[in-house]
Amino acid sequence: MRRLLMLLLLAATLAAGGCSLSQERIRKADAVVTLTADRQDTCDPADTSHCATPSPLIDAALEADAASTAAKPVHVATLLEDGESALAARINLIRAARKSIDVQTYIWEQDDAGKLVLDELVRAARRGVHVRILADQLFSFRDPGLLAALARASDRMEIRLYNPTFHAARTPPLEFAAGILCCFYKFNQRMHNKLLVVDDLVGITGGRNYENRYFDWDDAFDYIDRDVMVGGPAAAEMGASFEQFWVHKRSAPLTHLRDVNRELLADTDDPRHWNPPTYDKPDRVATLVSDALDPAWIEQHITRNTLRMNRVEYLSDLPGKTDEPKRREARALTRHIMGLVRNAKSEVVLQTPYLVMSKPAQKIFSALGQRADPPRVVVSTNSLASTDAFAVYALSYKHRKRYLTDYGFEIYELKPHPFNADLDALEGRTNAVDTPPLDGSVAGTPESRPSGGGRSRRPGRGGASERFAPSESSSLLGIGSRGSRGPRNRPAPLLTAGVRFGLHAKSIVVDDTFAMVGTHNFDPRSDHYNTESGVIIYDKRFADRLRDSILQDTEPGNAWVIAPRRKTIPVLSSINEFIGDVSERLPFFDLWPFRYATSYDLKPGCVPMRWKDPRFFECYEPVGDFPEVDVSLKLIYTRMITAFGSSAAGIL
């Protein structure tokens with residue numbers, strides 16, 4: 001009876017949600033938008049600049065573009081490492097736009113960061129700039145009323161949602177389940193691209209979505225993330241890529257969505273227009289905007305780090321990636337990354353939130369490891385204590401031995417309170433822990449508090465936040481309750497206090513000569529399902545900066561080293577390792593609790609070294625498989641997914 005009831009519910013959902021709108025309803029909604037859209041122009045029509053604010057970022061891009069030739073392009077590129085600079089750069093560019101702004105993203109939340117950027121885009125449209133927003137449907141907006149208002153906020157702004165499986169802006173849990181059963185490959189293919197392109201002159205891509213935690217504005221959990229800003233001919237390639245997605249059949253205008261269409265037709269005389277948003281922390285927002293418009297601040301925090309170079313490539317998978325999986329262009333970025341790694345000579349430095357290798361990646365790293373003189377492979381990734389994607393972490397945990405012995409990886413897992421966060425990160429912030437500490441640790445001790453030095457990250461100021469939305473990796477686990485405050489959407493509870501950081505940057509440096517910053521997580525989902533994008537830069541100076549940044553996150557105060565357990569009892573240790581090997585290779589029932597490797601911390605007075613160094617065990621002490629994690633259901637879930645979830649790697 002339960003199965004029958006479920007089938008009936010799914011059939012009803014498909015019947016109600018699977019039908020697209022009639023052309024008549026779409027025409028009516030289009031007419032409503034045309035008649036009621038805000039047509040105010042806040043700029044003098046005679047001003048061809050559309051009242052653009054002067055910007056050194058635009059000026060640098062214009063100079064590079066003017067100096068470029070077909071044979072020798074010129075680019076300027078800047079790493080945007082901390083959240084404040086990344087958000088300020090976006091606001092500066094939006095204010096400076098003269099003709100067009102194209103924005104592509106995977107997540108758009110209605111918190112302070114999301115509302116600020118949206119408000120700036122509406123303001124740009126109202127002064128005459130053509131603004132287009134393309135967001136993945138599952139993880140963006142989800143409020144038909146908001147989208148109906150945005151459809152009429154300005155006649156120069158357009159919004160489309162990518163891949164709305166059931167022709168609606170919002171996907172409730174039942175429709176989510178129906179999507180998996182009825183049309184798995186279409187539903188599972190998401191647009192993971194992140195892109196901001198201004199006037200086809202300058203563009204930003206990388207890991208950041210539009211949500212507080214990507215810009216250090218969440219008061220409990222923030223991401224260590226990375227973008228790259230590029231000015232010059234590659235920006236035109238970014239614009240062309242955006243256009244491919246914009247015109248694709250999976251990109252739906254708002255009037256084509258059932259729930260938004262219903263909102264528009266409910267009151268055809270609705271006078272609502274976009275009003276300035278109300279912020280949770282208005283002073284913080286005002287400070288950020290002031291900094292973004294201050295040439296001295298922009299020079300100190302952004303342009304002084306800009307490099308001038310020649311060869312820069314922007315690559316993106318094609319929209320509708322799962323429609324033609326064998327088409328070479330469909331996986332352009334994935335193929336290019338694999339080629340770069342395959343040809344590595346001396347070193348690969350990789351930073352990824354989720355250390356779950358796809359089969360092609362496994363073959364490449366296995367071949368590298370079998371060379372007579374294999375390149376060094378350094379991997380910076382999340383620990384269970386730092387990630388908000390415990391299910392994906394479980395698969396990484398399962399294959400630790402393979403990564404260490406077969407591929408020769410040097411794995412460093414981020415601590416939840418890394419020392420290279422600036423002291424400003426704690427100013428006015430909460431020291432509360434998710435659960436009462438069991439070991440008597442006190443908030444603010446050196447073990448639980450970031451210290452100064454290293455790369456500057458400056459999270460915002462304020463009280464504790466309780467919003468723990470699912471991470472990007474949770475596509476088929478947490479979507480039904482995204483934005484809820486349920487415990488399964490929270491990171492694992494910790495024994496230590498303070499603002500938690502999780503790694504979200506996706507970058508790679510090969511042989512210290514070229515580098516990639518983008519959206520690709522180097523996992524099966526990025527390979528086969530999500531569309532991904534990124535910038536590849538062939539410049540040693542840039543590669544050195546990116547390499548230094550990644551390696552900083554592997555320092556002892558910032559990460560634990562993953563290494564084999566010390567064999568203290570020869571016979572029993574060998575038996576344990578043998579059983580663990582057999583268990584790990586099983587797709588299911590990997591239940592053996594004693595794993596080959598564990599986490600280590602540097603002892604006082606020692607210098608950092610690789611796990612392969614003969615003196616490693618003299619200078620490092622084991623701290624357990626899941627250091628700083630409180631015993632909870634999260635740990636049990638992690639063990640269960642390690643045991644039973646390996647076949648679901650592409651979904652997770």
# chains A, B, ... in the order shown; residues from 1 in each chain; ligands from 1

$ residues_around --residues "A:Thr519" --least-positions-apart "6" --cutoff "9 Å" --atoms "only C-alpha atoms" --output "list in words"
His192, Asn193, Lys194, Thr205, Gly206, Gly207, Arg208, Ala505, Lys506, Ser507, Ser526, Thr531, Glu532, Ser533 and Gly534 of chain A

$ residues_around --residues "A:Ala563" --least-positions-apart "4" --cutoff "8 Å" --atoms "only C-alpha atoms" --output "CSV table (one decimal) with N, CA and C atoms, in the first residue's frame"
chain,number,residue,atom,x,y,z
A,404,LEU,N,46.6,7.8,-1.1
A,404,LEU,CA,48.0,7.9,-0.5
A,404,LEU,C,49.0,6.9,-1.2
A,411,ILE,N,47.8,14.7,1.3
A,411,ILE,CA,46.4,15.3,1.6
A,411,ILE,C,46.5,16.1,2.9
A,597,ALA,N,44.5,5.0,7.2
A,597,ALA,CA,45.1,6.3,7.4
A,597,ALA,C,44.2,7.1,8.5
A,598,THR,N,44.9,8.1,9.1
A,598,THR,CA,44.2,8.9,10.0
A,598,THR,C,44.7,10.3,10.0
A,599,SER,N,44.3,11.2,10.8
A,599,SER,CA,44.7,12.6,10.8
A,599,SER,C,45.8,12.8,11.8
A,600,TYR,N,46.8,13.7,11.4
A,600,TYR,CA,47.9,14.0,12.3
A,600,TYR,C,48.1,15.5,12.4
A,611,TRP,N,54.4,13.3,4.6
A,611,TRP,CA,54.1,12.0,5.3
A,611,TRP,C,55.0,10.9,4.9

$ residues_around --residues "A:Phe626" --least-positions-apart "4" --cutoff "9 Å" --atoms "only C-alpha atoms" --output "list in words"
Ser383, Leu384, Ala385, Thr598, Ser599, Asp630 and Leu635 of chain A

$ residues_around --residues "A:Ser49" --least-positions-apart "2" --cutoff "8 Å" --atoms "only C-alpha atoms" --output "VMD selection string"
chain A and resid 47 51 to 52 98 to 99

$ write_last_selection --atoms "N, CA and C atoms" --output "short mmCIF file (atom, residue, chain, number, x, y, z; two decimals), in the first residue's frame"
data_model
loop_
_atom_site.label_atom_id
_atom_site.label_comp_id
_atom_site.auth_asym_id
_atom_site.auth_seq_id
_atom_site.Cartn_x
_atom_site.Cartn_y
_atom_site.Cartn_z
N ASP A 47 23.39 61.08 -21.69
CA ASP A 47 24.66 60.59 -21.14
C ASP A 47 24.92 59.18 -21.66
N CYS A 51 25.60 57.17 -16.82
CA CYS A 51 25.98 57.61 -15.47
C CYS A 51 26.91 56.62 -14.78
N ALA A 52 27.76 55.98 -15.54
CA ALA A 52 28.68 55.00 -14.96
C ALA A 52 29.67 55.68 -14.03
N ARG A 98 28.63 50.34 -18.51
CA ARG A 98 28.09 51.33 -19.44
C ARG A 98 27.05 50.73 -20.39
N LYS A 99 27.21 49.46 -20.73
CA LYS A 99 26.32 48.86 -21.73
C LYS A 99 25.58 47.63 -21.21
#

$ select_by_dssp --residues "stretch 275-436 of chain A" --states "helix (DSSP H, G or I)" --output "PyMOL selection string"
chain A and resi 282-292+295-301+303-305+328-342+359-369+390-398+400-406+423-426

$ residues_around --residues "A:Glu109" --least-positions-apart "2" --cutoff "9 Å" --atoms "only C-alpha atoms" --output "PyMOL selection string"
chain A and resi 107+111-115+139-142+209-212+483

$ write_last_selection --atoms "N, CA and C atoms" --output "mmCIF file, in the first residue's frame"
data_model
loop_
_atom_site.group_PDB
_atom_site.id
_atom_site.type_symbol
_atom_site.label_atom_id
_atom_site.label_comp_id
_atom_site.auth_asym_id
_atom_site.auth_seq_id
_atom_site.Cartn_x
_atom_site.Cartn_y
_atom_site.Cartn_z
ATOM 1 N N ILE A 107 23.685 29.513 -7.067
ATOM 2 C CA ILE A 107 22.892 29.796 -5.875
ATOM 3 C C ILE A 107 22.684 31.298 -5.754
ATOM 4 N N ASP A 111 19.723 36.838 1.372
ATOM 5 C CA ASP A 111 20.341 37.394 2.571
ATOM 6 C C ASP A 111 21.007 38.705 2.173
ATOM 7 N N ASP A 112 21.829 39.272 3.046
ATOM 8 C CA ASP A 112 22.387 40.599 2.764
ATOM 9 C C ASP A 112 23.200 40.637 1.474
ATOM 10 N N ALA A 113 24.069 39.644 1.275
ATOM 11 C CA ALA A 113 24.909 39.638 0.070
ATOM 12 C C ALA A 113 24.050 39.498 -1.180
ATOM 13 N N GLY A 114 23.102 38.561 -1.155
ATOM 14 C CA GLY A 114 22.249 38.358 -2.315
ATOM 15 C C GLY A 114 21.392 39.570 -2.624
ATOM 16 N N LYS A 115 20.819 40.194 -1.576
ATOM 17 C CA LYS A 115 19.975 41.371 -1.785
ATOM 18 C C LYS A 115 20.784 42.567 -2.272
ATOM 19 N N PHE A 139 18.424 26.114 -6.907
ATOM 20 C CA PHE A 139 19.121 26.727 -5.777
ATOM 21 C C PHE A 139 19.033 28.250 -5.746
ATOM 22 N N SER A 140 18.131 28.833 -6.521
ATOM 23 C CA SER A 140 18.093 30.294 -6.586
ATOM 24 C C SER A 140 16.668 30.820 -6.429
ATOM 25 N N PHE A 141 16.549 31.869 -5.650
ATOM 26 C CA PHE A 141 15.316 32.637 -5.468
ATOM 27 C C PHE A 141 14.225 31.797 -4.801
ATOM 28 N N ARG A 142 13.580 30.898 -5.523
ATOM 29 C CA ARG A 142 12.565 29.984 -4.991
ATOM 30 C C ARG A 142 11.335 30.696 -4.446
ATOM 31 N N ASN A 209 29.044 31.927 -5.025
ATOM 32 C CA ASN A 209 27.648 32.186 -5.339
ATOM 33 C C ASN A 209 27.221 33.468 -4.627
ATOM 34 N N TYR A 210 25.933 33.804 -4.721
ATOM 35 C CA TYR A 210 25.436 35.017 -4.072
ATOM 36 C C TYR A 210 24.707 34.640 -2.785
ATOM 37 N N GLU A 211 25.497 34.577 -1.728
ATOM 38 C CA GLU A 211 25.031 34.198 -0.402
ATOM 39 C C GLU A 211 26.067 34.684 0.601
ATOM 40 N N ASN A 212 25.642 35.038 1.796
ATOM 41 C CA ASN A 212 26.541 35.639 2.787
ATOM 42 C C ASN A 212 27.820 34.850 2.994
ATOM 43 N N GLY A 483 17.445 25.736 2.840
ATOM 44 C CA GLY A 483 17.063 26.937 3.547
ATOM 45 C C GLY A 483 16.346 26.646 4.846
#

$ residues_around --residues "A:Pro73" --least-positions-apart "2" --cutoff "7 Å" --atoms "only C-alpha atoms" --output "VMD selection string"
chain A and resid 68 to 71 75 233 310 to 311

$ closest_residue --among "A:Leu138, A:Leu201, A:Ile508, A:Val117" --to "A:Ala60" --atoms "only C-alpha atoms"
A:Leu201

$ closest_residue --among "A:Ala220, A:Ala296, A:Ile180, A:Val32" --to "A:Thr255" --atoms "only C-alpha atoms"
A:Val32

$ closest_residue --among "A:Leu79, A:Ile298, A:Leu368, A:Leu395" --to "A:Asp523" --atoms "only C-alpha atoms"
A:Leu395
